[in-house]
Amino acid sequence: MKSRNSGESLRKVIVEENVNLVRSKSFLKRVGTKTILDDWKDYRWQLKNSIRTIEAFEKATEIRFSDEEYGKLEKTIQKFPLSITPYYASLIEKENYRNDPIFKQAFPDPAELIISKCDMKDPLHEDKDSPTKGITHRYPDRVLFLVSNCCAMYCRHCTRKRKVGDPDYIPSREQILAGIRYIRKNPQIRDVLLSGGDPFMLPDEYLDWILTELNRIKHVEVVRIGSRIPVVLPFRITKELTKMLKKHHPLWLNTQFNHPRELTSDSQEALKRLADAGIPLGNQSVLLAGVSDCPQIMKKLNQKLVKNRVRPYYLFQCDLSEGLSHFRTSIGKGVEIMESLVGHTSGFAVPRYVVDAPGGGGKIPVMPNYIISWSTNKVILRNYEGVITTYSEPENYKATSCNNSCDKCTPKSDFKDNDHPTGVEKLLTEDDRTISLVPDGNLRLKRREKTSNK
Ligand SMILES: *Cc1c(COP(=O)(O)O)cnc(C)c1O
Ligand code: SF4
């Protein structure tokens, strides 16, 4: 296939260019193409030879930019750093690079400097919901724990763009210890999500230490790692790394493939290693204009993922972070994609489409409507083919409502959870007297207060 050929030749150019760039003494000692291939597959070599300037990119790929463009690109990377692994750069299809999904995710676009009126520095309020630096405690039973702020590649669409690569944000050992202490002190935390940056940018021993500390905490039932390394630097998934990870079960891993072309044989090998180590794999892709905003691409991607034992987990609507406006699609595009997946392919190849609520409300699932209408005893539903069907509700179903008093309840449950229902869940509870949820500062209610005070 055309794409493979151009990838191969580009890889050759990059390897040879980099050989020229890194003519260090030790490098010269080793010779021959085998060395080059060995180096290519050595993640340290990849990191050392990452493309960090426009000039290096031009050299490595033989793509040339005009002087005017060059200036704009320079300005862009001053604000948001550039770093591409030679491996990921080798996947760019040179012929039509401007429309290439790999190029777009890796290479700066001066549009990143445009700040639109809805852009925010911290749209998800990850800093505001942070009890200690590096921890975001948004949901009752789980936390996000930022343990690294480096990445093998700086994704142009990154939601934490303002943080990654910034030396002011590098988490110190003390900061990590403080995070671990917070988790230890809060028994409701049963799930810890290590993210960053990329946790796999940490040395094996360091990550081993963090995982060991977390394993020691009794109430932590599961740890997950979020990493884009299987996509941008699959060689980092070494035998040593997976051997270490295996010690820390139950450990889950979520990665981020956004386009089927990213699932190369190298990436597939990395996924195989992780899956063989017994790590359940998930994928959190981001819906990106010009990259993945196509039902066919998404279907292919998700089918290819399950073939590699990766369960599509989330499809994210692009956030309102600064510098991402050119990547955003309408939510309608996401719904259209979901419509094309549900029923049309294996259920486990369908991710959940979510909008991460600006302001820190968390992930909100969005789906096409499948319920068409309702009566006292019938629900009218439609399927993916457009067939409209009727479900008759049971006549003798005695509704039970959870009021959190399990001893008096059928079905019997021993899992008394001390959590009290909140939000809409609370409205559904029979014993609770709440009849409405009202936003703070509601004017109508304020008026009422004034009148009753008179
Ligand atoms: C996404 C996220 C989680 C995990 O959410 P799940 O729906 O359980 O995957 C936890 N904390 C924060 C702050 C998050 O953004
Ligand atoms: S790997 Fe993740 S944190 Fe790093 S730049 Fe990409 S999206 Fe951002």
# chains A, B, ... in the order shown; residues from 1 in each chain; ligands from 1

$ residues_around --residues "region 180-195 of chain A" --least-positions-apart "3" --cutoff "6 Å" --atoms "only C-alpha atoms" --output "PDB file with N, CA, C and O atoms, in the first residue's frame"
ATOM      1  N   ASP A 141     -15.371   8.569  44.587  1.00  0.00           N
ATOM      2  CA  ASP A 141     -14.563   7.399  44.938  1.00  0.00           C
ATOM      3  C   ASP A 141     -13.259   7.259  44.164  1.00  0.00           C
ATOM      4  O   ASP A 141     -12.608   6.228  44.230  1.00  0.00           O
ATOM      5  N   ARG A 142     -12.882   8.283  43.398  1.00  0.00           N
ATOM      6  CA  ARG A 142     -11.653   8.137  42.617  1.00  0.00           C
ATOM      7  C   ARG A 142     -10.973   9.481  42.402  1.00  0.00           C
ATOM      8  O   ARG A 142     -11.622  10.517  42.409  1.00  0.00           O
ATOM      9  N   VAL A 143      -9.646   9.423  42.215  1.00  0.00           N
ATOM     10  CA  VAL A 143      -8.902  10.667  41.993  1.00  0.00           C
ATOM     11  C   VAL A 143      -8.010  10.549  40.761  1.00  0.00           C
ATOM     12  O   VAL A 143      -7.586   9.467  40.362  1.00  0.00           O
ATOM     13  N   LEU A 144      -7.736  11.720  40.202  1.00  0.00           N
ATOM     14  CA  LEU A 144      -6.767  11.845  39.130  1.00  0.00           C
ATOM     15  C   LEU A 144      -5.467  12.304  39.783  1.00  0.00           C
ATOM     16  O   LEU A 144      -5.462  13.234  40.581  1.00  0.00           O
ATOM     17  N   PHE A 145      -4.375  11.617  39.463  1.00  0.00           N
ATOM     18  CA  PHE A 145      -3.103  11.885  40.135  1.00  0.00           C
ATOM     19  C   PHE A 145      -2.055  12.143  39.050  1.00  0.00           C
ATOM     20  O   PHE A 145      -1.687  11.232  38.307  1.00  0.00           O
ATOM     21  N   LEU A 146      -1.618  13.410  38.947  1.00  0.00           N
ATOM     22  CA  LEU A 146      -0.642  13.762  37.910  1.00  0.00           C
ATOM     23  C   LEU A 146       0.769  13.496  38.440  1.00  0.00           C
ATOM     24  O   LEU A 146       1.222  14.165  39.364  1.00  0.00           O
ATOM     25  N   LEU A 177       4.655  12.370  47.186  1.00  0.00           N
ATOM     26  CA  LEU A 177       4.406  11.840  48.527  1.00  0.00           C
ATOM     27  C   LEU A 177       3.174  12.478  49.157  1.00  0.00           C
ATOM     28  O   LEU A 177       2.368  11.802  49.799  1.00  0.00           O
ATOM     29  N   ASP A 198       2.849  11.963  30.886  1.00  0.00           N
ATOM     30  CA  ASP A 198       2.739  10.537  30.653  1.00  0.00           C
ATOM     31  C   ASP A 198       3.499   9.771  31.733  1.00  0.00           C
ATOM     32  O   ASP A 198       4.721   9.917  31.856  1.00  0.00           O
ATOM     33  N   PRO A 199       2.791   8.955  32.527  1.00  0.00           N
ATOM     34  CA  PRO A 199       3.459   8.204  33.594  1.00  0.00           C
ATOM     35  C   PRO A 199       4.586   7.298  33.076  1.00  0.00           C
ATOM     36  O   PRO A 199       5.547   7.041  33.806  1.00  0.00           O
ATOM     37  N   HIS A 219      -7.530   0.673  51.078  1.00  0.00           N
ATOM     38  CA  HIS A 219      -8.792   1.023  50.404  1.00  0.00           C
ATOM     39  C   HIS A 219      -8.629   1.284  48.906  1.00  0.00           C
ATOM     40  O   HIS A 219      -9.624   1.429  48.207  1.00  0.00           O
ATOM     41  N   VAL A 220      -7.404   1.339  48.408  1.00  0.00           N
ATOM     42  CA  VAL A 220      -7.225   1.522  46.961  1.00  0.00           C
ATOM     43  C   VAL A 220      -7.405   0.160  46.282  1.00  0.00           C
ATOM     44  O   VAL A 220      -6.569  -0.721  46.391  1.00  0.00           O
ATOM     45  N   GLU A 221      -8.541   0.011  45.611  1.00  0.00           N
ATOM     46  CA  GLU A 221      -8.868  -1.299  45.024  1.00  0.00           C
ATOM     47  C   GLU A 221      -8.296  -1.460  43.625  1.00  0.00           C
ATOM     48  O   GLU A 221      -8.063  -2.570  43.161  1.00  0.00           O
ATOM     49  N   VAL A 222      -8.114  -0.361  42.934  1.00  0.00           N
ATOM     50  CA  VAL A 222      -7.660  -0.452  41.555  1.00  0.00           C
ATOM     51  C   VAL A 222      -6.878   0.806  41.170  1.00  0.00           C
ATOM     52  O   VAL A 222      -7.156   1.897  41.663  1.00  0.00           O
ATOM     53  N   VAL A 223      -5.854   0.593  40.356  1.00  0.00           N
ATOM     54  CA  VAL A 223      -5.053   1.721  39.865  1.00  0.00           C
ATOM     55  C   VAL A 223      -5.113   1.680  38.347  1.00  0.00           C
ATOM     56  O   VAL A 223      -5.079   0.610  37.749  1.00  0.00           O
ATOM     57  N   ARG A 224      -5.244   2.845  37.746  1.00  0.00           N
ATOM     58  CA  ARG A 224      -5.178   2.868  36.281  1.00  0.00           C
ATOM     59  C   ARG A 224      -4.122   3.868  35.838  1.00  0.00           C
ATOM     60  O   ARG A 224      -3.876   4.874  36.497  1.00  0.00           O
ATOM     61  N   ILE A 225      -3.536   3.561  34.686  1.00  0.00           N
ATOM     62  CA  ILE A 225      -2.541   4.452  34.102  1.00  0.00           C
ATOM     63  C   ILE A 225      -3.115   4.985  32.797  1.00  0.00           C
ATOM     64  O   ILE A 225      -3.702   4.233  32.023  1.00  0.00           O
ATOM     65  N   GLY A 226      -2.970   6.276  32.592  1.00  0.00           N
ATOM     66  CA  GLY A 226      -3.347   6.862  31.309  1.00  0.00           C
ATOM     67  C   GLY A 226      -2.061   7.199  30.573  1.00  0.00           C
ATOM     68  O   GLY A 226      -1.229   7.932  31.099  1.00  0.00           O
TER      69      GLY A 226
END

$ select_by_dssp --residues "region 68-189 of chain A" --states "strand (DSSP E)" --output "number ranges by chain"
A: 135-139, 142-146

$ write_last_selection --atoms "all heavy atoms" --output "tab-separated table (two decimals), in the first residue's frame"
chain	number	residue	atom	x	y	z
A	135	ILE	N	-3.23	16.39	42.53
A	135	ILE	CA	-4.42	15.53	42.70
A	135	ILE	C	-5.67	16.31	42.31
A	135	ILE	O	-5.83	17.46	42.72
A	135	ILE	CB	-4.58	15.07	44.17
A	135	ILE	CG1	-3.43	14.14	44.56
A	135	ILE	CG2	-5.95	14.43	44.42
A	135	ILE	CD1	-3.77	12.70	44.74
A	136	THR	N	-6.53	15.73	41.50
A	136	THR	CA	-7.85	16.30	41.27
A	136	THR	C	-8.86	15.32	41.82
A	136	THR	O	-8.94	14.18	41.38
A	136	THR	CB	-8.10	16.54	39.76
A	136	THR	OG1	-7.09	17.42	39.26
A	136	THR	CG2	-9.46	17.19	39.53
A	137	HIS	N	-9.61	15.78	42.82
A	137	HIS	CA	-10.62	14.93	43.45
A	137	HIS	C	-11.99	15.45	43.06
A	137	HIS	O	-12.53	16.34	43.69
A	137	HIS	CB	-10.43	14.95	44.98
A	137	HIS	CG	-11.16	13.83	45.65
A	137	HIS	ND1	-11.01	13.51	46.96
A	137	HIS	CD2	-12.06	12.92	45.15
A	137	HIS	CE1	-11.78	12.46	47.26
A	137	HIS	NE2	-12.42	12.10	46.17
A	138	ARG	N	-12.52	14.89	42.00
A	138	ARG	CA	-13.78	15.39	41.45
A	138	ARG	C	-14.93	14.45	41.77
A	138	ARG	O	-16.01	14.88	42.12
A	138	ARG	CB	-13.63	15.52	39.93
A	138	ARG	CG	-14.92	15.74	39.21
A	138	ARG	CD	-14.70	16.34	37.85
A	138	ARG	NE	-13.84	17.49	37.95
A	138	ARG	CZ	-12.94	17.85	37.03
A	138	ARG	NH1	-12.79	17.13	35.95
A	138	ARG	NH2	-12.20	18.91	37.20
A	139	TYR	N	-14.69	13.18	41.61
A	139	TYR	CA	-15.74	12.18	41.85
A	139	TYR	C	-15.55	11.61	43.25
A	139	TYR	O	-14.44	11.61	43.78
A	139	TYR	CB	-15.63	11.06	40.82
A	139	TYR	CG	-15.84	11.51	39.39
A	139	TYR	CD1	-14.77	11.68	38.53
A	139	TYR	CD2	-17.12	11.76	38.91
A	139	TYR	CE1	-14.96	12.07	37.21
A	139	TYR	CE2	-17.32	12.14	37.60
A	139	TYR	CZ	-16.23	12.30	36.75
A	139	TYR	OH	-16.43	12.68	35.46
A	142	ARG	N	-12.88	8.28	43.40
A	142	ARG	CA	-11.65	8.14	42.62
A	142	ARG	C	-10.97	9.48	42.40
A	142	ARG	O	-11.62	10.52	42.41
A	142	ARG	CB	-11.95	7.49	41.26
A	142	ARG	CG	-13.03	8.18	40.45
A	142	ARG	CD	-13.70	7.13	39.57
A	142	ARG	NE	-14.62	7.69	38.58
A	142	ARG	CZ	-15.88	8.01	38.85
A	142	ARG	NH1	-16.34	7.93	40.09
A	142	ARG	NH2	-16.67	8.47	37.90
A	143	VAL	N	-9.65	9.42	42.22
A	143	VAL	CA	-8.90	10.67	41.99
A	143	VAL	C	-8.01	10.55	40.76
A	143	VAL	O	-7.59	9.47	40.36
A	143	VAL	CB	-7.99	11.04	43.19
A	143	VAL	CG1	-8.81	11.48	44.38
A	143	VAL	CG2	-7.02	9.93	43.54
A	144	LEU	N	-7.74	11.72	40.20
A	144	LEU	CA	-6.77	11.85	39.13
A	144	LEU	C	-5.47	12.30	39.78
A	144	LEU	O	-5.46	13.23	40.58
A	144	LEU	CB	-7.28	12.91	38.15
A	144	LEU	CG	-6.40	13.35	36.99
A	144	LEU	CD1	-6.27	12.21	36.00
A	144	LEU	CD2	-7.02	14.56	36.30
A	145	PHE	N	-4.37	11.62	39.46
A	145	PHE	CA	-3.10	11.88	40.14
A	145	PHE	C	-2.06	12.14	39.05
A	145	PHE	O	-1.69	11.23	38.31
A	145	PHE	CB	-2.76	10.64	40.99
A	145	PHE	CG	-1.60	10.81	41.94
A	145	PHE	CD1	-0.95	12.03	42.11
A	145	PHE	CD2	-1.16	9.72	42.69
A	145	PHE	CE1	0.10	12.16	43.00
A	145	PHE	CE2	-0.10	9.83	43.59
A	145	PHE	CZ	0.52	11.06	43.73
A	146	LEU	N	-1.62	13.41	38.95
A	146	LEU	CA	-0.64	13.76	37.91
A	146	LEU	C	0.77	13.50	38.44
A	146	LEU	O	1.22	14.17	39.36
A	146	LEU	CB	-0.80	15.23	37.49
A	146	LEU	CG	-2.20	15.65	37.03
A	146	LEU	CD1	-2.21	17.11	36.57
A	146	LEU	CD2	-2.73	14.75	35.92

$ residues_near_ligand --ligand "ligand 2" --cutoff "8 Å" --atoms "only C-alpha atoms and all ligand atoms" --output "PyMOL selection string"
chain A and resi 149-161+164+195-198+226-229+256

$ closest_residue --among "A:Asn254, A:Asn396, A:Thr410, A:Ser330" --to "ligand 1" --atoms "only C-alpha atoms and all ligand atoms"
A:Asn254

$ residues_around --residues "Leu73 (chain A)" --least-positions-apart "5" --cutoff "7 Å" --atoms "only C-alpha atoms" --output "list of chain:residue names"
A:Pro108, A:Asp109, A:Pro110

$ residues_around --residues "Asp166 (chain A)" --least-positions-apart "3" --cutoff "9 Å" --atoms "only C-alpha atoms" --output "PDB file with N, CA, C and O atoms, in the first residue's frame"
ATOM      1  N   PRO A  81       5.291  23.852  23.448  1.00  0.00           N
ATOM      2  CA  PRO A  81       6.506  23.213  22.934  1.00  0.00           C
ATOM      3  C   PRO A  81       6.237  22.122  21.890  1.00  0.00           C
ATOM      4  O   PRO A  81       5.157  21.528  21.848  1.00  0.00           O
ATOM      5  N   ASN A 149       5.015  15.415  34.110  1.00  0.00           N
ATOM      6  CA  ASN A 149       4.479  16.410  33.181  1.00  0.00           C
ATOM      7  C   ASN A 149       5.213  16.366  31.844  1.00  0.00           C
ATOM      8  O   ASN A 149       5.089  17.271  31.034  1.00  0.00           O
ATOM      9  N   CYS A 150       5.945  15.287  31.618  1.00  0.00           N
ATOM     10  CA  CYS A 150       6.603  15.114  30.323  1.00  0.00           C
ATOM     11  C   CYS A 150       5.818  14.130  29.490  1.00  0.00           C
ATOM     12  O   CYS A 150       5.135  13.257  30.024  1.00  0.00           O
ATOM     13  N   ARG A 162      -1.235  23.774  28.706  1.00  0.00           N
ATOM     14  CA  ARG A 162      -0.568  24.831  29.466  1.00  0.00           C
ATOM     15  C   ARG A 162       0.396  24.251  30.483  1.00  0.00           C
ATOM     16  O   ARG A 162       1.208  24.955  31.047  1.00  0.00           O
ATOM     17  N   LYS A 163       0.264  22.942  30.770  1.00  0.00           N
ATOM     18  CA  LYS A 163       1.083  22.341  31.813  1.00  0.00           C
ATOM     19  C   LYS A 163       2.222  21.494  31.284  1.00  0.00           C
ATOM     20  O   LYS A 163       3.326  21.543  31.802  1.00  0.00           O
ATOM     21  N   TYR A 169       5.923  22.866  36.479  1.00  0.00           N
ATOM     22  CA  TYR A 169       4.928  21.882  36.887  1.00  0.00           C
ATOM     23  C   TYR A 169       5.509  20.506  37.204  1.00  0.00           C
ATOM     24  O   TYR A 169       4.785  19.624  37.596  1.00  0.00           O
ATOM     25  N   ILE A 170       6.820  20.327  36.986  1.00  0.00           N
ATOM     26  CA  ILE A 170       7.386  18.990  37.209  1.00  0.00           C
ATOM     27  C   ILE A 170       7.120  18.538  38.641  1.00  0.00           C
ATOM     28  O   ILE A 170       7.531  19.210  39.590  1.00  0.00           O
TER      29      ILE A 170
END

$ closest_residue --among "A:Gly179, A:Gly343, A:Trp252, A:Glu393" --to "Tyr370 (chain A)" --atoms "only C-alpha atoms"
A:Gly343

$ closest_residue --among "A:Gln105, A:Thr61, A:Gln46, A:Asn283" --to "ligand 1" --atoms "only C-alpha atoms and all ligand atoms"
A:Asn283

$ residues_around --residues "Val350 (chain A)" --least-positions-apart "5" --cutoff "10 Å" --atoms "only C-alpha atoms" --output "PyMOL selection string"
chain A and resi 298-299+302-303+306+311-315+338+340-345

$ select_by_dssp --residues "region 239-314 of chain A" --states "alpha helix (DSSP H)" --output "PyMOL selection string"
chain A and resi 239-246+265-276+295-307

$ residues_around --residues "region 434-441 of chain A" --least-positions-apart "6" --cutoff "9 Å" --atoms "only C-alpha atoms" --output "VMD selection string"
chain A and resid 423 to 424 426 to 427

$ closest_residue --among "A:Glu449, A:Glu425, A:Asp129, A:Asp432" --to "ligand 1" --atoms "only C-alpha atoms and all ligand atoms"
A:Asp129
